[in-house]
>>> print(open('final-v4.csv').read())   # CSV, C-alpha atoms
chain,number,residue,atom,x,y,z
A,253,MET,CA,0.0,0.0,0.0
A,254,ARG,CA,2.9,2.4,0.9
A,255,GLU,CA,4.5,1.9,-2.6
A,256,LYS,CA,1.2,2.4,-4.4
A,257,THR,CA,0.5,5.6,-2.6
A,258,ASN,CA,4.0,7.0,-3.0
A,259,ARG,CA,3.6,6.6,-6.8
A,260,ASN,CA,0.4,8.7,-6.7
A,261,TYR,CA,2.2,11.7,-5.2
A,262,GLN,CA,4.9,13.8,-6.7
A,263,GLY,CA,7.8,13.9,-4.3
A,264,ILE,CA,8.3,13.8,-0.6
A,265,SER,CA,7.3,17.5,-0.2
A,266,SER,CA,3.6,16.6,-0.5
A,267,LEU,CA,4.0,14.0,2.2
A,268,ILE,CA,5.7,16.5,4.5
A,269,MET,CA,2.9,19.0,3.9
A,270,LEU,CA,0.2,16.5,4.8
A,271,ILE,CA,2.0,15.4,8.0
A,272,THR,CA,2.0,19.0,9.3
A,273,ILE,CA,-1.8,19.2,9.3
A,274,GLY,CA,-1.9,16.5,12.0
A,275,PHE,CA,-2.9,13.3,10.4
A,276,ALA,CA,-1.2,10.0,11.3
A,277,THR,CA,1.2,8.8,8.7
A,278,THR,CA,-0.4,5.4,8.2
A,279,PHE,CA,-3.8,7.1,7.6
A,280,LEU,CA,-2.2,9.5,5.0
A,281,TYR,CA,-0.9,6.7,2.9
A,282,SER,CA,-4.2,4.9,2.8
A,283,ARG,CA,-6.8,7.6,2.7
A,284,CYS,CA,-5.3,11.1,2.0
A,285,SER,CA,-7.0,11.4,-1.4
A,286,SER,CA,-10.5,11.8,0.3
A,287,PRO,CA,-11.2,15.3,1.6
A,288,GLU,CA,-14.5,14.0,3.1
A,289,VAL,CA,-12.6,11.7,5.4
A,290,LYS,CA,-10.3,14.5,6.6
A,291,GLU,CA,-13.3,16.6,7.5
A,292,GLU,CA,-14.9,13.6,9.4
A,293,ILE,CA,-11.8,13.0,11.5
A,294,ALA,CA,-11.5,16.7,12.3
A,295,VAL,CA,-15.1,16.8,13.5
A,296,ASP,CA,-14.6,13.6,15.6
A,297,ASP,CA,-11.5,15.2,17.3
A,298,ALA,CA,-13.5,18.3,18.0
A,299,ALA,CA,-16.4,16.3,19.5
A,300,GLU,CA,-14.0,14.3,21.7
A,301,GLN,CA,-12.4,17.5,22.9
A,302,GLU,CA,-15.8,19.0,23.7
A,303,LEU,CA,-16.8,15.9,25.6
A,304,HIS,CA,-13.5,16.0,27.5
A,305,ASN,CA,-14.1,19.7,28.3
A,306,LYS,CA,-17.6,19.0,29.6
A,307,ALA,CA,-16.4,16.0,31.7
A,308,THR,CA,-13.5,17.8,33.4
A,309,SER,CA,-15.9,20.6,34.4
A,310,ILE,CA,-18.3,18.1,35.9
A,311,PHE,CA,-16.1,15.4,37.4
A,312,LYS,CA,-12.6,15.3,38.9
A,313,SER,CA,-9.8,12.8,38.5
A,314,ILE,CA,-8.2,11.1,41.4
A,315,SER,CA,-4.8,12.6,40.5
A,316,SER,CA,-6.2,16.2,40.7
A,317,ILE,CA,-7.5,15.9,44.3
A,318,GLU,CA,-5.6,17.6,47.0
A,319,ARG,CA,-4.6,15.0,49.5
A,320,GLU,CA,-3.7,15.4,53.1
A,321,ASP,CA,-0.2,14.2,54.0
A,322,ILE,CA,-0.8,11.7,56.7
A,323,ASP,CA,1.8,10.0,58.8
A,324,GLU,CA,2.5,6.4,57.7
A,325,ASN,CA,2.3,5.1,61.2
A,326,LYS,CA,-1.2,6.5,61.6
A,327,ILE,CA,-2.2,4.8,58.3
A,328,LEU,CA,-0.8,1.5,59.5
A,329,LEU,CA,-2.6,1.8,62.8
A,330,GLY,CA,-5.8,2.6,61.0
A,331,LYS,CA,-5.3,-0.4,58.8
A,332,LYS,CA,-4.9,-2.7,61.8
A,333,LEU,CA,-8.0,-1.3,63.5
A,334,TYR,CA,-10.0,-1.6,60.3
A,335,HIS,CA,-9.3,-5.3,60.1
A,336,ASP,CA,-9.4,-6.1,63.8
A,337,LYS,CA,-12.5,-8.1,65.0
A,338,SER,CA,-11.7,-7.1,68.6
A,339,LEU,CA,-13.4,-3.8,67.7
A,340,SER,CA,-16.8,-5.7,68.0
A,341,LYS,CA,-18.3,-6.7,71.4
A,342,ASP,CA,-18.0,-10.5,70.9
A,343,GLY,CA,-15.2,-10.4,68.4
A,344,ASN,CA,-17.1,-11.6,65.4
A,345,ILE,CA,-16.7,-8.8,62.9
A,346,SER,CA,-14.4,-6.0,61.9
A,347,CYS,CA,-14.9,-3.0,59.6
A,348,ALA,CA,-13.6,-5.2,56.8
A,349,SER,CA,-16.3,-7.8,57.4
A,350,CYS,CA,-18.9,-5.5,55.8
A,351,HIS,CA,-16.4,-3.4,53.8
A,352,ASN,CA,-14.2,-6.0,52.4
A,353,LEU,CA,-11.3,-4.4,50.4
A,354,ASN,CA,-10.9,-7.6,48.4
A,355,THR,CA,-14.4,-7.0,47.0
A,356,TYR,CA,-14.2,-3.2,46.4
A,357,GLY,CA,-15.2,-2.2,50.0
A,358,VAL,CA,-18.5,-4.1,50.2
A,359,ASP,CA,-19.7,-7.6,51.0
A,360,ASN,CA,-22.1,-7.8,48.1
A,361,LEU,CA,-25.0,-8.6,50.4
A,362,SER,CA,-28.3,-6.7,50.6
A,363,PHE,CA,-28.0,-6.4,54.3
A,364,SER,CA,-24.9,-7.3,56.4
A,365,PRO,CA,-24.8,-9.4,59.5
A,366,GLY,CA,-23.5,-7.8,62.6
A,367,ASP,CA,-21.6,-9.0,65.7
A,368,THR,CA,-24.7,-11.0,66.9
A,369,LYS,CA,-25.5,-12.1,63.3
A,370,GLU,CA,-28.6,-9.8,63.2
A,371,LEU,CA,-28.9,-8.1,59.8
A,372,GLY,CA,-28.6,-4.4,59.5
A,373,GLY,CA,-31.5,-2.4,58.0
A,374,ARG,CA,-29.7,-0.8,55.0
A,375,ASN,CA,-27.1,-1.9,52.5
A,376,SER,CA,-23.5,-1.4,53.5
A,377,PRO,CA,-21.9,1.2,51.1
A,378,SER,CA,-18.3,0.9,50.0
A,379,SER,CA,-15.6,2.4,52.1
A,380,VAL,CA,-13.4,2.9,49.0
A,381,TYR,CA,-13.6,6.6,48.0
A,382,ALA,CA,-15.8,7.3,51.0
A,383,PHE,CA,-13.6,10.1,52.1
A,384,LEU,CA,-14.5,12.0,48.9
A,385,HIS,CA,-18.1,12.2,50.1
A,386,SER,CA,-19.3,15.4,51.8
A,387,ILE,CA,-21.8,13.3,53.9
A,388,GLN,CA,-21.8,9.8,55.2
A,389,PHE,CA,-24.5,7.1,55.8
A,390,TRP,CA,-27.6,6.7,53.7
A,391,ASP,CA,-29.3,9.4,55.8
A,392,GLY,CA,-26.3,11.7,55.8
A,393,ARG,CA,-26.0,11.9,59.6
A,394,ALA,CA,-22.1,12.0,59.6
A,395,LYS,CA,-19.9,14.6,58.0
A,396,ASP,CA,-16.7,12.6,57.3
A,397,VAL,CA,-15.1,9.2,57.5
A,398,GLU,CA,-13.8,9.8,61.0
A,399,GLU,CA,-17.2,10.5,62.4
A,400,GLN,CA,-18.7,7.7,60.3
A,401,ALA,CA,-16.2,5.2,61.8
A,402,GLY,CA,-17.6,5.6,65.2
A,403,GLY,CA,-21.2,4.9,64.2
A,404,PRO,CA,-21.1,1.2,63.5
A,405,LEU,CA,-18.8,0.5,66.5
A,406,LEU,CA,-21.5,1.6,68.9
A,407,ASN,CA,-24.5,0.4,66.9
A,408,PRO,CA,-26.1,-2.5,68.7
A,409,VAL,CA,-26.9,-4.3,65.4
A,410,GLU,CA,-23.5,-3.8,63.9
A,411,HIS,CA,-20.3,-4.0,66.1
A,412,SER,CA,-22.5,-3.9,69.3
A,413,VAL,CA,-19.8,-2.2,71.5
A,414,PRO,CA,-21.6,-1.1,74.6
A,415,SER,CA,-19.8,2.2,75.0
A,416,GLN,CA,-16.7,4.2,74.0
A,417,ALA,CA,-15.2,3.4,77.4
A,418,PHE,CA,-15.7,-0.3,76.9
A,419,LEU,CA,-13.6,-0.2,73.7
A,420,GLU,CA,-11.0,2.1,75.1
A,421,ASN,CA,-10.4,-0.2,78.1
A,422,ARG,CA,-10.2,-3.3,75.9
A,423,LEU,CA,-7.5,-1.8,73.6
A,424,ARG,CA,-5.6,-0.3,76.5
A,425,LYS,CA,-5.0,-3.8,77.8
A,426,ASN,CA,-3.3,-4.7,74.5
A,427,GLU,CA,0.4,-4.1,74.6
A,428,GLU,CA,0.8,-3.8,70.8
A,429,TYR,CA,-1.9,-1.1,70.7
A,430,GLN,CA,-0.3,0.7,73.6
A,431,LYS,CA,2.9,1.1,71.6
A,432,LEU,CA,1.2,1.9,68.3
A,433,PHE,CA,-1.1,4.6,69.7
A,434,LYS,CA,1.8,6.1,71.7
A,435,ALA,CA,3.9,6.4,68.6
A,436,VAL,CA,1.0,8.0,66.6
A,437,TYR,CA,-0.3,10.3,69.4
A,438,PRO,CA,2.8,11.0,71.5
A,439,ASN,CA,1.5,14.2,73.0
A,440,ASP,CA,-1.7,12.7,74.5
A,441,ALA,CA,-1.6,11.7,78.2
A,442,GLN,CA,-3.8,8.7,77.2
A,443,PRO,CA,-3.3,8.0,73.5
A,444,ILE,CA,-6.0,5.2,73.3
A,445,THR,CA,-9.2,7.1,73.2
A,446,PHE,CA,-12.4,6.6,71.1
A,447,THR,CA,-11.6,9.8,69.2
A,448,ASN,CA,-8.1,8.6,68.3
A,449,ILE,CA,-9.5,5.2,67.3
A,450,THR,CA,-11.9,6.7,64.8
A,451,ASN,CA,-9.2,9.2,63.7
A,452,ALA,CA,-6.8,6.5,62.8
A,453,ILE,CA,-9.5,4.5,60.9
A,454,GLY,CA,-10.4,7.6,59.0
A,455,ALA,CA,-6.7,8.2,58.1
A,456,PHE,CA,-6.6,4.7,56.7
A,457,GLU,CA,-9.8,5.1,54.7
A,458,ARG,CA,-8.4,8.3,53.2
A,459,GLN,CA,-5.9,6.1,51.3
A,460,LEU,CA,-8.5,4.1,49.5
A,461,ALA,CA,-8.6,6.0,46.2
A,462,PRO,CA,-7.4,3.8,43.4
A,463,GLU,CA,-7.1,5.2,39.9
A,464,SER,CA,-9.5,4.0,37.2
A,465,ARG,CA,-9.4,4.2,33.4
A,466,PHE,CA,-11.9,7.1,33.6
A,467,ASP,CA,-9.4,9.0,35.7
A,468,LYS,CA,-6.8,8.4,33.1
A,469,TRP,CA,-9.1,9.7,30.4
A,470,LEU,CA,-9.9,12.8,32.4
A,471,ASP,CA,-6.1,13.3,32.8
A,472,GLY,CA,-5.7,13.3,29.0
A,473,ASP,CA,-5.3,9.7,27.9
A,474,LYS,CA,-7.7,9.6,24.9
A,475,ASN,CA,-7.3,5.9,24.5
A,476,ALA,CA,-8.2,5.1,28.1
A,477,LEU,CA,-11.9,4.8,27.2
A,478,THR,CA,-13.5,2.8,24.3
A,479,ALA,CA,-15.9,4.4,21.8
A,480,GLN,CA,-18.8,2.8,23.6
A,481,GLU,CA,-17.7,4.1,27.0
A,482,LYS,CA,-17.4,7.6,25.5
A,483,ALA,CA,-20.9,7.2,24.0
A,484,GLY,CA,-22.1,6.2,27.5
A,485,LEU,CA,-20.5,9.2,29.1
A,486,THR,CA,-22.2,11.4,26.5
A,487,ALA,CA,-25.6,9.8,27.3
A,488,PHE,CA,-24.9,10.1,31.0
A,489,ILE,CA,-24.4,13.8,30.6
A,490,ASP,CA,-27.1,14.4,28.1
A,491,ASN,CA,-29.7,12.6,30.2
A,492,ALA,CA,-28.9,14.8,33.2
A,493,CYS,CA,-27.6,12.0,35.4
A,494,ILE,CA,-25.0,14.5,36.4
A,495,THR,CA,-27.7,16.5,38.3
A,496,CYS,CA,-26.9,14.2,41.2
A,497,HIS,CA,-23.9,12.2,40.2
A,498,MET,CA,-21.0,14.6,39.8
A,499,GLY,CA,-17.8,15.7,41.5
A,500,PRO,CA,-14.8,13.6,42.4
A,501,ALA,CA,-16.8,10.6,43.7
A,502,VAL,CA,-19.5,10.9,41.0
A,503,GLY,CA,-22.0,11.2,43.8
A,504,GLY,CA,-21.8,11.3,47.6
A,505,ASP,CA,-22.6,15.0,47.9
A,506,LEU,CA,-26.3,15.4,47.9
A,507,MET,CA,-29.5,14.1,49.6
A,508,GLN,CA,-32.3,13.3,47.1
A,509,LYS,CA,-35.7,11.8,47.1
A,510,PHE,CA,-35.6,8.3,45.7
A,511,GLY,CA,-38.7,8.2,43.4
A,512,LEU,CA,-39.3,11.7,42.0
A,513,TYR,CA,-41.5,10.1,39.3
A,514,GLY,CA,-43.1,7.2,41.1
A,515,ASN,CA,-42.8,4.9,44.2
A,516,TYR,CA,-39.4,3.4,44.2
A,517,TRP,CA,-40.5,0.1,45.8
A,518,GLU,CA,-42.8,-0.6,42.8
A,519,LYS,CA,-39.8,-0.6,40.5
A,520,THR,CA,-37.2,-2.2,42.8
A,521,ASN,CA,-39.6,-4.8,44.3
A,522,SER,CA,-38.3,-3.8,47.7
A,523,LYS,CA,-39.5,-6.0,50.5
A,524,LYS,CA,-39.9,-3.1,52.9
A,525,VAL,CA,-40.6,0.6,52.3
A,526,ASP,CA,-37.8,2.6,53.9
A,527,ASN,CA,-38.7,6.2,54.8
A,528,GLY,CA,-35.1,7.4,54.6
A,529,VAL,CA,-34.2,10.7,56.4
A,530,TYR,CA,-37.8,11.0,57.6
A,531,ASP,CA,-37.0,8.4,60.3
A,532,LEU,CA,-34.6,10.9,61.8
A,533,SER,CA,-36.3,14.2,61.1
A,534,LYS,CA,-40.0,13.3,61.1
A,535,LYS,CA,-40.4,15.9,58.4
A,536,GLU,CA,-42.8,14.9,55.6
A,537,SER,CA,-40.5,16.5,53.0
A,538,ASP,CA,-37.8,14.0,54.0
A,539,LYS,CA,-39.7,10.9,53.2
A,540,TYR,CA,-37.8,8.6,50.9
A,541,VAL,CA,-34.8,10.9,50.9
A,542,PHE,CA,-31.4,9.2,50.8
A,543,LYS,CA,-27.8,10.2,50.1
A,544,VAL,CA,-26.9,10.0,46.5
A,545,PRO,CA,-24.4,7.2,46.3
A,546,SER,CA,-21.0,7.3,44.6
A,547,LEU,CA,-20.8,5.5,41.2
A,548,ARG,CA,-17.1,4.8,41.4
A,549,ASN,CA,-16.7,1.0,41.4
A,550,VAL,CA,-20.4,0.6,40.9
A,551,GLU,CA,-19.9,-2.4,38.6
A,552,LYS,CA,-18.6,-4.3,41.6
A,553,THR,CA,-20.6,-2.9,44.5
A,554,TYR,CA,-23.9,-4.7,43.8
A,555,PRO,CA,-26.6,-5.2,44.9
A,556,TYR,CA,-27.9,-1.7,44.4
A,557,PHE,CA,-29.8,1.0,46.3
A,558,HIS,CA,-30.2,1.6,50.0
A,559,ASP,CA,-31.8,-1.8,50.5
A,560,GLY,CA,-29.8,-3.9,48.0
A,561,SER,CA,-33.0,-4.7,46.1
A,562,VAL,CA,-31.5,-4.8,42.6
A,563,GLU,CA,-28.8,-7.1,41.4
A,564,LYS,CA,-28.0,-6.0,37.9
A,565,LEU,CA,-26.4,-2.7,37.0
A,566,GLU,CA,-28.3,-2.5,33.7
A,567,ASP,CA,-31.6,-2.8,35.7
A,568,ALA,CA,-30.4,-0.1,38.2
A,569,VAL,CA,-29.7,2.3,35.3
A,570,SER,CA,-33.1,1.8,33.7
A,571,ILE,CA,-34.8,2.2,37.1
A,572,MET,CA,-33.0,5.4,37.8
A,573,ALA,CA,-34.0,6.9,34.5
A,574,GLU,CA,-37.7,6.2,35.1
A,575,LEU,CA,-37.8,7.2,38.8
A,576,GLN,CA,-35.4,10.1,38.8
A,577,LEU,CA,-35.6,11.4,35.2
A,578,GLY,CA,-39.2,10.5,34.5
A,579,LYS,CA,-38.4,8.8,31.2
A,580,LYS,CA,-37.5,5.5,29.6
A,581,ILE,CA,-34.1,5.4,27.9
A,582,SER,CA,-33.3,3.1,25.0
A,583,ASP,CA,-31.6,-0.3,25.4
A,584,GLU,CA,-28.6,1.1,23.6
A,585,GLU,CA,-28.3,4.0,26.0
A,586,VAL,CA,-28.6,1.6,28.9
A,587,LYS,CA,-25.8,-0.5,27.5
A,588,ASN,CA,-23.6,2.5,26.8
A,589,ILE,CA,-24.1,4.1,30.2
A,590,THR,CA,-23.4,0.8,31.8
A,591,ALA,CA,-20.2,0.5,29.8
A,592,PHE,CA,-19.2,4.0,30.9
A,593,LEU,CA,-19.9,3.2,34.5
A,594,LYS,CA,-17.6,0.1,34.3
A,595,SER,CA,-14.7,2.4,33.3
A,596,MET,CA,-14.7,3.6,36.9
A,597,THR,CA,-13.8,0.2,38.3
A,598,ALA,CA,-10.4,0.2,40.1
A,599,GLU,CA,-8.9,-2.2,42.6
A,600,VAL,CA,-7.6,-1.2,46.0
A,601,ASP,CA,-3.8,-1.3,46.4
A,602,PRO,CA,-3.0,-4.8,47.9
A,603,LYS,CA,-0.9,-3.1,50.6
A,604,TYR,CA,-4.1,-1.9,52.3
A,605,ILE,CA,-5.7,-5.3,52.4
A,606,ALA,CA,-5.1,-7.5,55.4
A,607,GLU,CA,-2.4,-10.2,54.9
>>> encode(input="final-v4.csv", output="structure tokens")
Amino acid sequence: MREKTNRNYQGISSLIMLITIGFATTFLYSRCSSPEVKEEIAVDDAAEQELHNKATSIFKSISSIEREDIDENKILLGKKLYHDKSLSKDGNISCASCHNLNTYGVDNLSFSPGDTKELGGRNSPSSVYAFLHSIQFWDGRAKDVEEQAGGPLLNPVEHSVPSQAFLENRLRKNEEYQKLFKAVYPNDAQPITFTNITNAIGAFERQLAPESRFDKWLDGDKNALTAQEKAGLTAFIDNACITCHMGPAVGGDLMQKFGLYGNYWEKTNSKKVDNGVYDLSKKESDKYVFKVPSLRNVEKTYPYFHDGSVEKLEDAVSIMAELQLGKKISDEEVKNITAFLKSMTAEVDPKYIAE
């Protein structure tokens, strides 16, 4: 092909001129005689750049997030606490039991069993990327991962620890923890406190931010996403999914009614109707209001929604379009959006997983 094309052109000067307008050399030798193709490629490049400009104004890559410089000893202490079953009353569960880092920070159950094997009332969300959220829990009752870490510890259905003092006294009897806490909190007269326990766990969770292919694309790697994934991103934006799912976590920043255009339980086949924030506030306007979840790693964090009532990601996408956007989207859009969402899958660094 190269020899045939070279015969069709007069001298190497023509080749040099064509290269300067930005086409790949292999494309020039095979297609440069067609002005229509040149125009099509230019439009495609412009469309991709426009999509990238939109996306970077809506989302944020992991590499661009300002991260706190945390002492490595505190991170290691937090890791130990996160995986330690002695942080439950009877020693049956750890943070990692419901938020397993081998499975993207979840246990893939609709409801998780606690220290007494009793099931919780809401689906356990992923701890991966949780520090990027501006609110924690499905009802938004905690402001950050440090505050969130204390909730399950004292919850009678989860870790079932009777009191802060109970846990403090247990860990103070542990010689290894005595040394570790003293090294991390040297200025505290008593380093092993409930506040320091949750502070260390939070420091560890702030390391759980693996880079996905979507992050690489946001950072400028045009080949990080497939054509279908880019079509899915376009559909995600054009269908206004970004009204709630935006920012660095692609969610996690807003409270929203689940079922703006219908009763959610009729679409999800939920076994129980959960009133959401209403259970805390008793305000009628808070009925069925929940935190908008992050969509990072959503491919792996099934089952979906606050009650884990939907198994398949494609079904969740269709349900969200109907309930939150008030419309049915085509099967092709569902497939494309699902493909885009899968581009945000990223595995946790093995060094943060218990040996």
>>> atom_distance(input="final-v4.csv", atom1="CA of Arg422 (chain A)", atom2="CA of Ile449 (chain A)")
12.1 Å
>>> closest_residue(input="final-v4.csv", among="A:Asn352, A:Ser561, A:Gln508, A:Gln576", to="Lys523 (chain A)", atoms="only C-alpha atoms")
A:Ser561
>>> closest_residue(input="final-v4.csv", among="A:Val358, A:Ala307, A:Val397, A:Val586", to="Met498 (chain A)", atoms="only C-alpha atoms")
A:Ala307
>>> closest_atom_pairs(input="final-v4.csv", of="region 539-606 of chain A", to="region 323-332 of chain A", cutoff="12 Å", atoms="only C-alpha atoms", output="tab-separated table")
residue	atom	partner	partner_atom	distance
A:Pro602	CA	A:Lys331	CA	12.0
A:Lys603	CA	A:Lys331	CA	9.7
A:Tyr604	CA	A:Lys331	CA	6.8
A:Ile605	CA	A:Lys331	CA	8.1
A:Ala606	CA	A:Lys331	CA	7.9
>>> write_last_selection(input="final-v4.csv", atoms="C-alpha atoms", output="mmCIF file, in the frame of the given file")
data_model
loop_
_atom_site.group_PDB
_atom_site.id
_atom_site.type_symbol
_atom_site.label_atom_id
_atom_site.label_comp_id
_atom_site.auth_asym_id
_atom_site.auth_seq_id
_atom_site.Cartn_x
_atom_site.Cartn_y
_atom_site.Cartn_z
ATOM 1 C CA PRO A 602 -3.000 -4.800 47.900
ATOM 2 C CA LYS A 603 -0.900 -3.100 50.600
ATOM 3 C CA TYR A 604 -4.100 -1.900 52.300
ATOM 4 C CA ILE A 605 -5.700 -5.300 52.400
ATOM 5 C CA ALA A 606 -5.100 -7.500 55.400
#
>>> residues_around(input="final-v4.csv", residues="Gln416 (chain A)", least_positions_apart="4", cutoff="8 Å", atoms="only C-alpha atoms", output="number ranges by chain")
A: 406, 420, 446
>>> residues_around(input="final-v4.csv", residues="Tyr516 (chain A)", least_positions_apart="3", cutoff="9 Å", atoms="all atoms listed in the file", output="PDB file with C-alpha atoms, in the coordinates of the input")
ATOM      1  CA  PHE A 510     -35.600   8.300  45.700  1.00  0.00           C
ATOM      2  CA  GLY A 511     -38.700   8.200  43.400  1.00  0.00           C
ATOM      3  CA  LEU A 512     -39.300  11.700  42.000  1.00  0.00           C
ATOM      4  CA  TYR A 513     -41.500  10.100  39.300  1.00  0.00           C
ATOM      5  CA  LYS A 519     -39.800  -0.600  40.500  1.00  0.00           C
ATOM      6  CA  THR A 520     -37.200  -2.200  42.800  1.00  0.00           C
ATOM      7  CA  ASN A 521     -39.600  -4.800  44.300  1.00  0.00           C
ATOM      8  CA  SER A 522     -38.300  -3.800  47.700  1.00  0.00           C
ATOM      9  CA  VAL A 525     -40.600   0.600  52.300  1.00  0.00           C
ATOM     10  CA  TYR A 540     -37.800   8.600  50.900  1.00  0.00           C
ATOM     11  CA  ILE A 571     -34.800   2.200  37.100  1.00  0.00           C
ATOM     12  CA  LEU A 575     -37.800   7.200  38.800  1.00  0.00           C
TER      13      LEU A 575
END
>>> residues_around(input="final-v4.csv", residues="Asp601 (chain A)", least_positions_apart="6", cutoff="9 Å", atoms="only C-alpha atoms", output="short mmCIF file (atom, residue, chain, number, x, y, z; two decimals) with C-alpha atoms, keeping the file's coordinate frame")
data_model
loop_
_atom_site.label_atom_id
_atom_site.label_comp_id
_atom_site.auth_asym_id
_atom_site.auth_seq_id
_atom_site.Cartn_x
_atom_site.Cartn_y
_atom_site.Cartn_z
CA LEU A 460 -8.50 4.10 49.50
CA ALA A 461 -8.60 6.00 46.20
CA PRO A 462 -7.40 3.80 43.40
#
>>> build_atoms(input="final-v4.csv", residues="region 565-576 of chain A", atoms="N, CA and C atoms", output="JSON list (two decimals), in the frame of the given file")
[["chain", "number", "residue", "atom", "x", "y", "z"],
["A", 565, "LEU", "N", -26.65, -4.14, 37.22],
["A", 565, "LEU", "CA", -26.40, -2.70, 37.00],
["A", 565, "LEU", "C", -27.25, -2.16, 35.89],
["A", 566, "GLU", "N", -27.48, -2.93, 34.83],
["A", 566, "GLU", "CA", -28.30, -2.50, 33.70],
["A", 566, "GLU", "C", -29.74, -2.15, 34.24],
["A", 567, "ASP", "N", -30.25, -2.99, 35.13],
["A", 567, "ASP", "CA", -31.60, -2.80, 35.70],
["A", 567, "ASP", "C", -31.59, -1.49, 36.56],
["A", 568, "ALA", "N", -30.52, -1.29, 37.31],
["A", 568, "ALA", "CA", -30.40, -0.10, 38.20],
["A", 568, "ALA", "C", -30.42, 1.17, 37.31],
["A", 569, "VAL", "N", -29.71, 1.14, 36.18],
["A", 569, "VAL", "CA", -29.70, 2.30, 35.30],
["A", 569, "VAL", "C", -31.05, 2.60, 34.74],
["A", 570, "SER", "N", -31.77, 1.58, 34.29],
["A", 570, "SER", "CA", -33.10, 1.80, 33.70],
["A", 570, "SER", "C", -34.07, 2.31, 34.80],
["A", 571, "ILE", "N", -33.98, 1.77, 36.00],
["A", 571, "ILE", "CA", -34.80, 2.20, 37.10],
["A", 571, "ILE", "C", -34.58, 3.65, 37.46],
["A", 572, "MET", "N", -33.32, 4.03, 37.50],
["A", 572, "MET", "CA", -33.00, 5.40, 37.80],
["A", 572, "MET", "C", -33.53, 6.39, 36.78],
["A", 573, "ALA", "N", -33.46, 6.00, 35.52],
["A", 573, "ALA", "CA", -34.00, 6.90, 34.50],
["A", 573, "ALA", "C", -35.48, 7.09, 34.65],
["A", 574, "GLU", "N", -36.21, 6.04, 34.97],
["A", 574, "GLU", "CA", -37.70, 6.20, 35.10],
["A", 574, "GLU", "C", -38.02, 6.92, 36.41],
["A", 575, "LEU", "N", -37.37, 6.58, 37.53],
["A", 575, "LEU", "CA", -37.80, 7.20, 38.80],
["A", 575, "LEU", "C", -37.20, 8.58, 39.03],
["A", 576, "GLN", "N", -36.01, 8.84, 38.52],
["A", 576, "GLN", "CA", -35.40, 10.10, 38.80],
["A", 576, "GLN", "C", -35.44, 11.11, 37.62]]
